[in-house]
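Text of structure-v7.cif, listed as mmCIF, C-alpha atoms:
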data_work
#
loop_
_atom_site.label_atom_id
_atom_site.label_comp_id
_atom_site.auth_asym_id
_atom_site.auth_seq_id
_atom_site.Cartn_x
_atom_site.Cartn_y
_atom_site.Cartn_z
CA MET A 1 -2.86 27.18 24.35
CA ARG A 2 -3.68 27.19 20.67
CA TYR A 3 -1.21 24.76 19.13
CA LEU A 4 -0.25 22.71 22.20
CA THR A 5 -2.55 20.55 24.30
CA TYR A 6 -2.44 17.96 27.07
CA GLU A 7 -5.52 16.26 25.57
CA PRO A 8 -5.42 13.30 23.15
CA LEU A 9 -5.19 14.39 19.52
CA SER A 10 -7.51 13.33 16.73
CA PRO A 11 -7.28 14.52 13.13
CA GLU A 12 -11.09 14.70 12.89
CA GLU A 13 -11.23 18.42 13.60
CA TRP A 14 -8.78 19.00 10.74
CA HIS A 15 -10.69 16.62 8.45
CA ARG A 16 -13.84 18.71 8.92
CA GLU A 17 -12.12 21.83 7.56
CA VAL A 18 -13.65 22.74 4.22
CA MET A 19 -11.24 23.33 1.38
CA ASP A 20 -11.09 26.65 -0.35
CA GLU A 21 -12.30 26.39 -4.00
CA HIS A 22 -8.91 27.48 -5.29
CA SER A 23 -7.02 24.83 -3.32
CA GLY A 24 -6.42 21.53 -5.07
CA ALA A 25 -4.01 19.85 -2.66
CA SER A 26 -4.25 18.77 0.96
CA VAL A 27 -1.28 17.24 2.80
CA GLU A 28 -1.44 15.88 6.33
CA PHE A 29 1.34 14.60 8.56
CA LEU A 30 0.73 12.56 11.69
CA GLY A 31 3.57 11.77 14.07
CA VAL A 32 2.81 8.76 16.25
CA VAL A 33 4.64 7.29 19.26
CA ARG A 34 6.46 4.11 18.23
CA ARG A 35 6.98 0.97 20.28
CA LEU A 36 10.78 1.19 20.23
CA GLU A 37 12.57 4.23 21.66
CA ASN A 38 16.32 3.88 21.08
CA GLY A 39 15.78 0.16 20.59
CA VAL A 40 13.95 -0.33 23.91
CA PRO A 41 10.22 -1.25 24.03
CA ILE A 42 8.15 1.44 25.76
CA GLU A 43 4.51 2.08 26.70
CA TYR A 44 4.57 5.88 26.96
CA LEU A 45 6.66 8.80 25.83
CA GLU A 46 6.43 12.03 27.82
CA TYR A 47 6.75 15.47 26.23
CA GLU A 48 7.23 18.86 27.83
CA ALA A 49 7.38 22.32 26.29
CA TYR A 50 8.35 25.89 27.02
CA VAL A 51 4.75 26.73 26.27
CA PRO A 52 4.67 30.52 25.74
CA MET A 53 7.75 30.44 23.50
CA ALA A 54 6.54 27.40 21.54
CA GLU A 55 3.15 29.03 20.96
CA ALA A 56 4.69 32.35 19.88
CA LEU A 57 7.20 30.67 17.53
CA LEU A 58 4.48 28.48 16.01
CA GLU A 59 2.22 31.47 15.45
CA ARG A 60 5.01 33.20 13.53
CA LEU A 61 6.12 30.10 11.58
CA ILE A 62 2.57 29.29 10.50
CA GLN A 63 2.10 32.84 9.26
CA GLN A 64 5.40 32.58 7.39
CA ALA A 65 4.39 29.23 5.85
CA ARG A 66 1.02 30.65 4.73
CA GLU A 67 2.74 33.48 2.89
CA GLN A 68 5.76 31.61 1.57
CA PHE A 69 3.79 28.63 0.18
CA GLY A 70 0.41 30.26 -0.45
CA LEU A 71 -1.32 27.93 2.02
CA SER A 72 -5.05 28.57 2.32
CA ARG A 73 -5.32 26.67 5.62
CA VAL A 74 -2.95 25.33 8.25
CA TYR A 75 -3.68 23.02 11.18
CA PHE A 76 -0.98 22.38 13.80
CA ARG A 77 -1.39 20.53 17.09
CA HIS A 78 1.27 19.01 19.34
CA ARG A 79 0.31 16.98 22.37
CA LEU A 80 2.22 17.26 25.68
CA GLY A 81 2.38 14.97 28.70
CA ALA A 82 2.42 11.16 28.55
CA ILE A 83 1.49 9.76 25.14
CA ARG A 84 0.89 6.04 24.71
CA VAL A 85 2.42 3.96 21.89
CA GLY A 86 0.25 4.30 18.77
CA GLU A 87 -1.21 7.65 19.86
CA ILE A 88 -0.66 10.85 17.93
CA ALA A 89 1.99 13.31 19.15
CA VAL A 90 1.65 15.85 16.34
CA ILE A 91 -0.72 16.73 13.48
CA ILE A 92 0.26 19.11 10.69
CA GLY A 93 -2.30 19.68 7.94
CA VAL A 94 -2.18 22.18 5.08
CA HIS A 95 -4.27 23.15 2.05
CA ALA A 96 -2.62 24.77 -0.98
CA PRO A 97 -3.41 25.48 -4.62
CA HIS A 98 -1.00 22.79 -5.89
CA ARG A 99 0.75 19.69 -4.59
CA ALA A 100 4.29 21.12 -4.55
CA GLU A 101 3.39 23.98 -2.18
CA ALA A 102 1.28 21.68 0.00
CA PHE A 103 4.15 19.22 0.53
CA ALA A 104 6.72 22.00 0.92
CA GLY A 105 4.56 23.91 3.42
CA CYS A 106 3.85 20.83 5.55
CA GLN A 107 7.52 19.80 5.54
CA PHE A 108 8.66 23.35 6.32
CA LEU A 109 6.54 23.33 9.49
CA LEU A 110 7.65 19.83 10.45
CA GLU A 111 11.35 20.64 10.00
CA ALA A 112 10.90 23.88 11.97
CA LEU A 113 9.28 21.84 14.76
CA LYS A 114 12.17 19.36 14.80
CA ARG A 115 14.77 22.15 14.80
CA ASP A 116 13.39 25.15 16.71
CA ILE A 117 10.18 24.64 18.65
CA PRO A 118 10.98 24.21 22.37
CA ILE A 119 9.35 20.81 22.92
CA TRP A 120 11.22 17.84 24.40
CA LYS A 121 10.77 14.13 24.84
CA VAL A 122 11.66 14.01 28.54
CA SER A 123 11.09 10.39 29.44
CA ALA A 124 10.02 7.02 28.12
CA ARG A 125 8.55 4.21 30.17
CA MET B 126 -10.77 -2.35 -9.98
CA ARG B 127 -8.61 -2.02 -6.90
CA TYR B 128 -7.11 1.47 -7.18
CA LEU B 129 -9.60 3.13 -9.54
CA THR B 130 -13.27 3.71 -8.90
CA TYR B 131 -16.25 5.56 -10.35
CA GLU B 132 -17.63 6.11 -6.83
CA PRO B 133 -17.03 9.24 -4.70
CA LEU B 134 -13.86 9.02 -2.62
CA SER B 135 -13.62 9.51 1.12
CA PRO B 136 -10.44 9.21 3.16
CA GLU B 137 -12.36 7.53 6.01
CA GLU B 138 -11.41 4.02 4.90
CA TRP B 139 -7.75 5.06 4.99
CA HIS B 140 -8.17 6.81 8.35
CA ARG B 141 -9.45 3.56 9.87
CA GLU B 142 -6.21 1.75 8.97
CA VAL B 143 -4.32 0.92 12.15
CA MET B 144 -0.68 1.93 12.25
CA ASP B 145 2.01 -0.65 12.69
CA GLU B 146 3.83 -0.21 16.06
CA HIS B 147 7.12 0.43 14.32
CA SER B 148 5.69 3.19 12.12
CA GLY B 149 5.90 6.71 13.51
CA ALA B 150 4.88 8.75 10.47
CA SER B 151 1.72 8.95 8.40
CA VAL B 152 1.47 11.18 5.33
CA GLU B 153 -1.71 11.68 3.32
CA PHE B 154 -2.24 13.54 0.07
CA LEU B 155 -5.68 14.53 -1.23
CA GLY B 156 -6.09 15.94 -4.73
CA VAL B 157 -9.30 17.92 -5.09
CA VAL B 158 -11.03 19.43 -8.14
CA ARG B 159 -10.57 23.20 -8.16
CA ARG B 160 -13.01 25.85 -9.35
CA LEU B 161 -10.75 27.22 -12.06
CA GLU B 162 -9.50 24.97 -14.86
CA ASN B 163 -7.10 26.93 -17.08
CA GLY B 164 -8.60 30.12 -15.67
CA VAL B 165 -12.19 29.17 -16.51
CA PRO B 166 -14.76 28.45 -13.76
CA ILE B 167 -16.08 24.87 -13.95
CA GLU B 168 -18.55 22.64 -12.11
CA TYR B 169 -17.15 19.22 -13.02
CA LEU B 170 -13.95 17.69 -14.29
CA GLU B 171 -14.21 14.36 -16.08
CA TYR B 172 -11.47 11.72 -15.90
CA GLU B 173 -10.97 8.58 -17.95
CA ALA B 174 -8.36 5.85 -17.68
CA TYR B 175 -6.87 2.93 -19.54
CA VAL B 176 -8.02 0.84 -16.61
CA PRO B 177 -6.15 -2.48 -16.91
CA MET B 178 -2.84 -0.74 -17.59
CA ALA B 179 -3.35 1.84 -14.83
CA GLU B 180 -4.19 -0.89 -12.32
CA ALA B 181 -1.18 -3.02 -13.31
CA LEU B 182 1.22 -0.07 -13.21
CA LEU B 183 -0.11 1.08 -9.83
CA GLU B 184 0.23 -2.42 -8.40
CA ARG B 185 3.89 -2.46 -9.43
CA LEU B 186 4.65 1.11 -8.31
CA ILE B 187 3.07 0.58 -4.89
CA GLN B 188 5.14 -2.57 -4.41
CA GLN B 189 8.24 -0.63 -5.43
CA ALA B 190 7.39 2.24 -3.05
CA ARG B 191 6.86 -0.20 -0.17
CA GLU B 192 10.31 -1.70 -0.68
CA GLN B 193 12.20 1.47 -1.58
CA PHE B 194 10.86 3.58 1.32
CA GLY B 195 10.06 0.85 3.86
CA LEU B 196 6.35 1.77 3.87
CA SER B 197 4.28 -0.39 6.21
CA ARG B 198 0.99 0.59 4.55
CA VAL B 199 -0.08 2.26 1.32
CA TYR B 200 -3.54 3.48 0.30
CA PHE B 201 -4.13 4.68 -3.27
CA ARG B 202 -7.47 5.54 -4.86
CA HIS B 203 -8.19 7.59 -7.99
CA ARG B 204 -11.75 8.43 -8.98
CA LEU B 205 -12.91 8.35 -12.63
CA GLY B 206 -15.92 9.90 -14.36
CA ALA B 207 -17.34 13.34 -13.55
CA ILE B 208 -16.00 14.85 -10.32
CA ARG B 209 -17.54 17.99 -8.91
CA VAL B 210 -15.54 21.01 -7.71
CA GLY B 211 -14.39 20.38 -4.12
CA GLU B 212 -14.63 16.60 -4.43
CA ILE B 213 -11.61 14.32 -4.12
CA ALA B 214 -9.97 12.99 -7.29
CA VAL B 215 -7.11 11.10 -5.64
CA ILE B 216 -6.06 9.88 -2.19
CA ILE B 217 -2.54 8.67 -1.45
CA GLY B 218 -1.79 7.62 2.12
CA VAL B 219 1.33 5.96 3.50
CA HIS B 220 2.71 4.83 6.86
CA ALA B 221 6.47 4.63 7.41
CA PRO B 222 8.94 4.35 10.30
CA HIS B 223 10.09 7.97 9.93
CA ARG B 224 8.90 11.22 8.39
CA ALA B 225 11.45 11.37 5.57
CA GLU B 226 10.42 8.01 4.08
CA ALA B 227 6.74 8.79 4.54
CA PHE B 228 6.97 12.07 2.59
CA ALA B 229 9.29 10.55 -0.02
CA GLY B 230 7.04 7.49 -0.52
CA CYS B 231 3.87 9.57 -0.87
CA GLN B 232 5.53 11.99 -3.30
CA PHE B 233 7.07 9.13 -5.30
CA LEU B 234 3.60 7.70 -5.92
CA LEU B 235 2.11 11.10 -6.71
CA GLU B 236 4.85 11.98 -9.20
CA ALA B 237 4.51 8.53 -10.83
CA LEU B 238 0.77 9.19 -11.16
CA LYS B 239 1.37 12.57 -12.79
CA ARG B 240 3.98 11.15 -15.19
CA ASP B 241 3.06 7.57 -16.05
CA ILE B 242 -0.37 6.34 -14.96
CA PRO B 243 -2.75 6.37 -17.97
CA ILE B 244 -5.45 8.61 -16.52
CA TRP B 245 -6.67 11.76 -18.30
CA LYS B 246 -8.74 14.82 -17.58
CA VAL B 247 -10.94 14.61 -20.67
CA SER B 248 -13.39 17.44 -20.20
CA ALA B 249 -14.42 20.26 -17.92
CA ARG B 250 -17.89 21.75 -17.74
CA MET C 251 19.36 43.60 38.30
CA THR C 252 17.53 40.29 38.53
CA ILE C 253 16.48 38.09 35.63
CA SER C 254 14.34 34.99 35.78
CA LEU C 255 16.10 31.85 34.51
CA LEU C 256 14.14 28.88 33.12
CA VAL C 257 15.59 25.49 32.29
CA PHE C 258 14.01 22.50 30.58
CA ALA C 259 14.31 18.77 30.01
CA HIS C 260 17.61 17.21 31.14
CA LEU C 261 19.00 20.57 32.30
CA LYS C 262 16.56 20.68 35.24
CA PRO C 263 18.45 18.27 37.53
CA ILE C 264 21.71 20.10 36.79
CA LEU C 265 20.36 23.45 38.00
CA GLY C 266 18.19 21.80 40.63
CA ALA C 267 15.03 23.67 39.63
CA GLU C 268 12.89 24.62 36.66
CA SER C 269 13.01 28.32 37.41
CA ARG C 270 15.20 30.58 39.56
CA PRO C 271 16.02 34.27 39.89
CA VAL C 272 19.60 35.24 38.97
CA SER C 273 21.28 38.49 40.03
CA LEU C 274 23.53 40.10 37.42
CA PRO C 275 25.37 43.42 37.07
CA GLU C 276 23.52 46.06 35.01
CA GLY C 277 24.22 45.67 31.27
CA ALA C 278 25.18 41.98 31.54
CA THR C 279 24.90 39.97 28.33
CA VAL C 280 23.69 36.44 27.63
CA ARG C 281 27.34 35.36 27.49
CA GLN C 282 28.02 36.80 30.94
CA LEU C 283 24.97 35.01 32.34
CA LEU C 284 26.25 31.71 30.95
CA ASP C 285 29.70 32.35 32.47
CA CYS C 286 28.09 32.97 35.88
CA LEU C 287 26.05 29.77 35.57
CA LEU C 288 29.11 27.72 34.57
CA THR C 289 30.94 28.90 37.69
CA GLU C 290 28.01 27.93 39.89
CA PHE C 291 27.10 24.70 38.03
CA PRO C 292 30.24 23.20 36.46
CA ALA C 293 28.22 20.15 35.26
CA LEU C 294 26.58 22.52 32.76
CA SER C 295 29.77 22.68 30.69
CA GLU C 296 29.04 19.35 29.03
CA TRP C 297 25.66 20.59 27.75
CA LEU C 298 26.33 24.22 27.00
CA PRO C 299 27.76 23.77 23.49
CA SER C 300 24.36 22.45 22.30
CA VAL C 301 22.21 24.83 24.36
CA ARG C 302 20.54 27.88 22.80
CA VAL C 303 19.34 30.82 24.86
CA ALA C 304 15.96 32.53 24.54
CA VAL C 305 15.25 35.96 25.99
CA ASN C 306 11.56 36.73 26.50
CA CYS C 307 10.56 33.83 24.21
CA GLU C 308 12.93 34.70 21.33
CA TYR C 309 16.20 32.99 20.49
CA ALA C 310 18.98 35.45 21.37
CA ALA C 311 22.65 35.83 20.39
CA PRO C 312 25.40 35.67 23.07
CA ASP C 313 25.97 39.43 22.96
CA THR C 314 22.32 40.28 23.67
CA VAL C 315 22.12 42.70 26.59
CA LEU C 316 19.80 41.60 29.39
CA HIS C 317 17.42 43.82 31.35
CA GLU C 318 15.73 43.74 34.73
CA GLY C 319 12.90 41.19 34.73
CA ASP C 320 13.90 39.43 31.51
CA GLU C 321 12.81 35.81 31.21
CA VAL C 322 15.87 33.91 30.03
CA ALA C 323 15.54 30.25 29.02
CA LEU C 324 18.23 27.65 28.37
CA ILE C 325 16.97 25.60 25.44
CA PRO C 326 18.64 22.21 25.00
CA PRO C 327 18.28 20.52 21.59
CA VAL C 328 14.56 20.15 20.94
CA SER C 329 12.94 16.78 20.24
CA GLY C 330 9.29 17.41 19.47
CA GLY C 331 7.28 15.56 16.83
CA MET D 332 -1.52 -10.41 -38.43
CA THR D 333 -4.06 -8.26 -36.63
CA ILE D 334 -3.49 -6.21 -33.51
CA SER D 335 -6.06 -4.35 -31.46
CA LEU D 336 -5.44 -0.59 -31.27
CA LEU D 337 -6.74 1.50 -28.37
CA VAL D 338 -6.74 5.30 -28.19
CA PHE D 339 -7.60 7.64 -25.32
CA ALA D 340 -8.55 11.19 -24.45
CA HIS D 341 -8.14 13.72 -27.28
CA LEU D 342 -6.83 11.08 -29.71
CA LYS D 343 -10.25 9.42 -29.98
CA PRO D 344 -11.82 11.92 -32.40
CA ILE D 345 -8.72 11.76 -34.61
CA LEU D 346 -8.93 8.01 -35.07
CA GLY D 347 -12.75 8.07 -35.00
CA ALA D 348 -13.04 5.30 -32.43
CA GLU D 349 -11.73 4.16 -29.06
CA SER D 350 -10.69 0.76 -30.36
CA ARG D 351 -10.08 -0.75 -33.77
CA PRO D 352 -8.34 -3.75 -35.30
CA VAL D 353 -5.26 -3.00 -37.42
CA SER D 354 -3.73 -5.40 -39.97
CA LEU D 355 0.06 -5.42 -40.15
CA PRO D 356 2.71 -7.58 -41.84
CA GLU D 357 4.23 -10.30 -39.63
CA GLY D 358 7.13 -8.98 -37.53
CA ALA D 359 5.97 -5.35 -37.69
CA THR D 360 7.27 -3.08 -34.93
CA VAL D 361 5.66 -0.30 -32.93
CA ARG D 362 7.37 2.21 -35.23
CA GLN D 363 5.88 0.55 -38.33
CA LEU D 364 2.43 0.63 -36.75
CA LEU D 365 2.79 4.36 -36.10
CA ASP D 366 3.91 4.92 -39.72
CA CYS D 367 0.81 3.08 -40.97
CA LEU D 368 -1.42 5.16 -38.70
CA LEU D 369 0.17 8.41 -39.83
CA THR D 370 -0.55 7.53 -43.46
CA GLU D 371 -4.18 6.80 -42.67
CA PHE D 372 -4.67 9.66 -40.14
CA PRO D 373 -2.37 12.58 -41.06
CA ALA D 374 -3.90 14.67 -38.23
CA LEU D 375 -2.08 12.35 -35.82
CA SER D 376 1.29 13.88 -36.73
CA GLU D 377 0.70 16.86 -34.46
CA TRP D 378 0.23 14.61 -31.42
CA LEU D 379 2.64 11.79 -32.09
CA PRO D 380 5.76 13.46 -30.63
CA SER D 381 4.16 13.45 -27.17
CA VAL D 382 2.43 10.05 -27.47
CA ARG D 383 3.85 6.94 -25.80
CA VAL D 384 2.89 3.44 -26.88
CA ALA D 385 1.91 0.56 -24.59
CA VAL D 386 1.86 -3.05 -25.72
CA ASN D 387 -0.27 -5.35 -23.56
CA CYS D 388 -0.37 -2.74 -20.75
CA GLU D 389 3.38 -2.02 -20.67
CA TYR D 390 5.12 1.02 -22.12
CA ALA D 391 7.06 -0.20 -25.18
CA ALA D 392 10.00 1.14 -27.21
CA PRO D 393 9.55 1.93 -30.93
CA ASP D 394 11.50 -1.18 -32.02
CA THR D 395 9.27 -3.56 -30.02
CA VAL D 396 8.05 -6.36 -32.33
CA LEU D 397 4.29 -6.84 -32.35
CA HIS D 398 2.45 -10.16 -32.37
CA GLU D 399 -0.98 -11.39 -33.42
CA GLY D 400 -3.60 -10.31 -30.92
CA ASP D 401 -1.44 -7.72 -29.13
CA GLU D 402 -3.32 -4.88 -27.46
CA VAL D 403 -1.52 -1.70 -28.49
CA ALA D 404 -2.47 1.61 -26.89
CA LEU D 405 -1.55 5.16 -27.85
CA ILE D 406 -0.99 7.01 -24.57
CA PRO D 407 -1.12 10.82 -24.84
CA PRO D 408 0.43 12.81 -21.97
CA VAL D 409 -1.35 11.72 -18.81
CA SER D 410 -3.16 14.18 -16.53
CA GLY D 411 -4.41 12.25 -13.53
CA GLY D 412 -4.42 13.55 -9.98
#
Rewrite the coordinates I just gave you, this time as structure tokens.
Amino acid sequence: MRYLTYEPLSPEEWHREVMDEHSGASVEFLGVVRRLENGVPIEYLEYEAYVPMAEALLERLIQQAREQFGLSRVYFRHRLGAIRVGEIAVIIGVHAPHRAEAFAGCQFLLEALKRDIPIWKVSAR
Amino acid sequence: MRYLTYEPLSPEEWHREVMDEHSGASVEFLGVVRRLENGVPIEYLEYEAYVPMAEALLERLIQQAREQFGLSRVYFRHRLGAIRVGEIAVIIGVHAPHRAEAFAGCQFLLEALKRDIPIWKVSAR
Amino acid sequence: MTISLLVFAHLKPILGAESRPVSLPEGATVRQLLDCLLTEFPALSEWLPSVRVAVNCEYAAPDTVLHEGDEVALIPPVSGG
Amino acid sequence: MTISLLVFAHLKPILGAESRPVSLPEGATVRQLLDCLLTEFPALSEWLPSVRVAVNCEYAAPDTVLHEGDEVALIPPVSGG
């Protein structure tokens, strides 16, 4: 698995990525498990995925985002399994020449995740 | 100076900020000095500011962004003086309940910076 | 022919398993597979309007023709992130 | 009355200094200050259309009335970030 993992996520690996000299903008999104799920306090949220399809779709979407927004670097990780409140479920980081493409590229990947990538919140406890 | 500094910037201070339990989204923007300034290779870009006005305007804009987008945390730092290629000129980080407010709040502050905050690139060398 | 059917999330209890082989006439389409499943699992009808189908890891239209050994997945609305 | 004028970035060489006191008649407005400066520094005319004025650290309209001791800044287009 390249983009999905059952291990805890940390943005440190992404933060160590050196920026290309022609990139002036870096945008990072972190999605974190919140205390309230549908108004009910929880400790964990559990995610599952259709792994081979999610990986293949992500591979293609990331390539599309690189070309469409001129991104020099993309980092995408989604955690699966039980994730505790306050822990990171997803990291999306991009480098681009200018701010507009960086925001657009990061949001393009996030909206694609929310719409198309076969990952589900399957239970909260 | 609270938001402006002549020291090198690192996002580590922002990364150590703990997220509120009701925030599920973190968005961070880094603006970095690029090799080419108007097509010419440079080593440094020098910034100056009208410091008291910039600080006062930022204070007000950050307060406005907090209220308008429900941001639970905002981090804003802009470096002044000579900044080398590849080094960070500005960091804007926000935490919000959901992704839409987090992106909107971060972009609101960045666009306000680009339009209204009295900071200038004064020379490149 | 036989295809391999995968289901996820809240569809699992309805079909009673995560994965199962399904026998279909040669040349059957995605739509025909769904019709077969609805007959066998009437509780699926509530969910089907929001379910998308993937064939071999690609979203597929209802008139997509299936082939022996295809991996067909019922994809309920996703909720990652 | 006397106000304190501040200039930034590429306006500095035109006015020859970053900061200077300017004497004005009582009740003078931002617009009158700019007219005085244009008379003294004709080279300013090229820049003035894009310059905003701040009085005591707030952007101010041309008809803003100035007072003794005000800090008035000429703000050329900003380029932070």
Query - Selection: 8 Å around range 332-334 of chain D, only C-alpha atoms, excl. self and same-chain fewer than 3 positions, as JSON, numbers by chain - result: {"D": [352, 353, 354, 355, 356, 357, 397, 398, 399, 400, 401, 402, 403]}
File of the preceding selection, C-alpha atoms, as a PDB file, keeping the file's coordinate frame:
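Written output follows (result19.pdb):
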ATOM      1  CA  PRO D 352      -8.340  -3.750 -35.300  1.00  0.00           C
ATOM      2  CA  VAL D 353      -5.260  -3.000 -37.420  1.00  0.00           C
ATOM      3  CA  SER D 354      -3.730  -5.400 -39.970  1.00  0.00           C
ATOM      4  CA  LEU D 355       0.060  -5.420 -40.150  1.00  0.00           C
ATOM      5  CA  PRO D 356       2.710  -7.580 -41.840  1.00  0.00           C
ATOM      6  CA  GLU D 357       4.230 -10.300 -39.630  1.00  0.00           C
ATOM      7  CA  LEU D 397       4.290  -6.840 -32.350  1.00  0.00           C
ATOM      8  CA  HIS D 398       2.450 -10.160 -32.370  1.00  0.00           C
ATOM      9  CA  GLU D 399      -0.980 -11.390 -33.420  1.00  0.00           C
ATOM     10  CA  GLY D 400      -3.600 -10.310 -30.920  1.00  0.00           C
ATOM     11  CA  ASP D 401      -1.440  -7.720 -29.130  1.00  0.00           C
ATOM     12  CA  GLU D 402      -3.320  -4.880 -27.460  1.00  0.00           C
ATOM     13  CA  VAL D 403      -1.520  -1.700 -28.490  1.00  0.00           C
TER      14      VAL D 403
END
**Report entry** Distance in Å - CA of Leu113 in chain A versus CA of Arg224 in chain B
**Finding:**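 Calculated distance between CA of Leu113 in chain A and CA of Arg224 in chain B is 12.4 Å.
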For Leu36 in chain A, please output as a PDB file with C-alpha atoms, in the coordinates of the input all residues within 12 Å (counting all atoms listed in the file; exclusion window: fewer than 2 positions along the same chain).
ATOM      1  CA  VAL A  32       2.810   8.760  16.250  1.00  0.00           C
ATOM      2  CA  VAL A  33       4.640   7.290  19.260  1.00  0.00           C
ATOM      3  CA  ARG A  34       6.460   4.110  18.230  1.00  0.00           C
ATOM      4  CA  ASN A  38      16.320   3.880  21.080  1.00  0.00           C
ATOM      5  CA  GLY A  39      15.780   0.160  20.590  1.00  0.00           C
ATOM      6  CA  VAL A  40      13.950  -0.330  23.910  1.00  0.00           C
ATOM      7  CA  PRO A  41      10.220  -1.250  24.030  1.00  0.00           C
ATOM      8  CA  ILE A  42       8.150   1.440  25.760  1.00  0.00           C
ATOM      9  CA  GLU A  43       4.510   2.080  26.700  1.00  0.00           C
ATOM     10  CA  TYR A  44       4.570   5.880  26.960  1.00  0.00           C
ATOM     11  CA  LEU A  45       6.660   8.800  25.830  1.00  0.00           C
ATOM     12  CA  ARG A  84       0.890   6.040  24.710  1.00  0.00           C
ATOM     13  CA  VAL A  85       2.420   3.960  21.890  1.00  0.00           C
ATOM     14  CA  GLY A  86       0.250   4.300  18.770  1.00  0.00           C
ATOM     15  CA  ALA A 124      10.020   7.020  28.120  1.00  0.00           C
ATOM     16  CA  ARG A 125       8.550   4.210  30.170  1.00  0.00           C
TER      17      ARG A 125
ATOM     18  CA  ASP B 145       2.010  -0.650  12.690  1.00  0.00           C
ATOM     19  CA  GLU B 146       3.830  -0.210  16.060  1.00  0.00           C
ATOM     20  CA  HIS B 147       7.120   0.430  14.320  1.00  0.00           C
ATOM     21  CA  SER B 148       5.690   3.190  12.120  1.00  0.00           C
ATOM     22  CA  GLY B 149       5.900   6.710  13.510  1.00  0.00           C
ATOM     23  CA  PRO B 222       8.940   4.350  10.300  1.00  0.00           C
TER      24      PRO B 222
END
Requested in this report: Check what the PyMOL selection byres ((chain B) within 7 of (chain D)) selects in the file above and give those residues as a PyMOL selection string.
Outcome: chain B and resi 156+177-178+214-215+238-247
I'd like the contact shell of range 69-76 of chain A - 7 Å cut-off, all atoms listed in the file, skipping same-chain residues fewer than 4 positions apart - returned as an mmCIF file with C-alpha atoms, in the frame of the given file.
data_model
loop_
_atom_site.group_PDB
_atom_site.id
_atom_site.type_symbol
_atom_site.label_atom_id
_atom_site.label_comp_id
_atom_site.auth_asym_id
_atom_site.auth_seq_id
_atom_site.Cartn_x
_atom_site.Cartn_y
_atom_site.Cartn_z
ATOM 1 C CA TYR A 3 -1.210 24.760 19.130
ATOM 2 C CA TRP A 14 -8.780 19.000 10.740
ATOM 3 C CA ASP A 20 -11.090 26.650 -0.350
ATOM 4 C CA ALA A 65 4.390 29.230 5.850
ATOM 5 C CA ILE A 91 -0.720 16.730 13.480
ATOM 6 C CA ILE A 92 0.260 19.110 10.690
ATOM 7 C CA GLY A 93 -2.300 19.680 7.940
ATOM 8 C CA VAL A 94 -2.180 22.180 5.080
ATOM 9 C CA HIS A 95 -4.270 23.150 2.050
ATOM 10 C CA ALA A 96 -2.620 24.770 -0.980
ATOM 11 C CA GLU A 101 3.390 23.980 -2.180
ATOM 12 C CA GLY A 105 4.560 23.910 3.420
#
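Remark: for Leu346 in chain D, the closest of the candidate residues D:Gln363, D:Thr370, D:Ser381, D:Thr395 is D:Thr370 (distances computed over all atoms listed in the file).
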Report task. Would you please work out which residue, of A:Arg66, A:Leu4, A:Tyr50, A:Ala104, is nearest to Ser269 in chain C when using all atoms listed in the file? Result -> A:Tyr50
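The space separating CA of Trp378 in chain D from CA of Leu405 in chain D comes to 10.3 Å.
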Query - Spatial neighbours of Glu132 in chain B, max dist 12 Å, only C-alpha atoms, sep filter under 5 positions, as JSON, numbers by chain - result: {"B": [126, 202, 203, 204, 205, 206, 207, 208, 212, 213, 214, 215]}
**Report entry** Coordinates-based distance that separates CA of Leu365 in chain D from CA of Val384 in chain D (Å, one decimal)
**Finding:**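 CA of Val384 in chain D sits 9.3 Å away from CA of Leu365 in chain D.
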**Report entry** Reference answer for the PyMOL selection byres ((chain C and resi 293) around 12), as a PyMOL selection string
**Finding:** chain C and resi 260-266+287-292+294-298
Query - Non-local contacts of Val396 in chain D (9 Å; all atoms listed in the file; under 6 positions in same chain excluded) as a list in words - result: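 In the requested form, the answer reads Gly358, Ala359, Thr360 and Val361 of chain D.
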Size and centre in Å, one decimal, axis-aligned box, all listed range 9-12 of chain A atoms plus 4 Å per side, as AutoDock Vina command-line options:
--center_x -8.1 --center_y 14.0 --center_z 16.2 --size_x 13.9 --size_y 9.4 --size_z 14.6
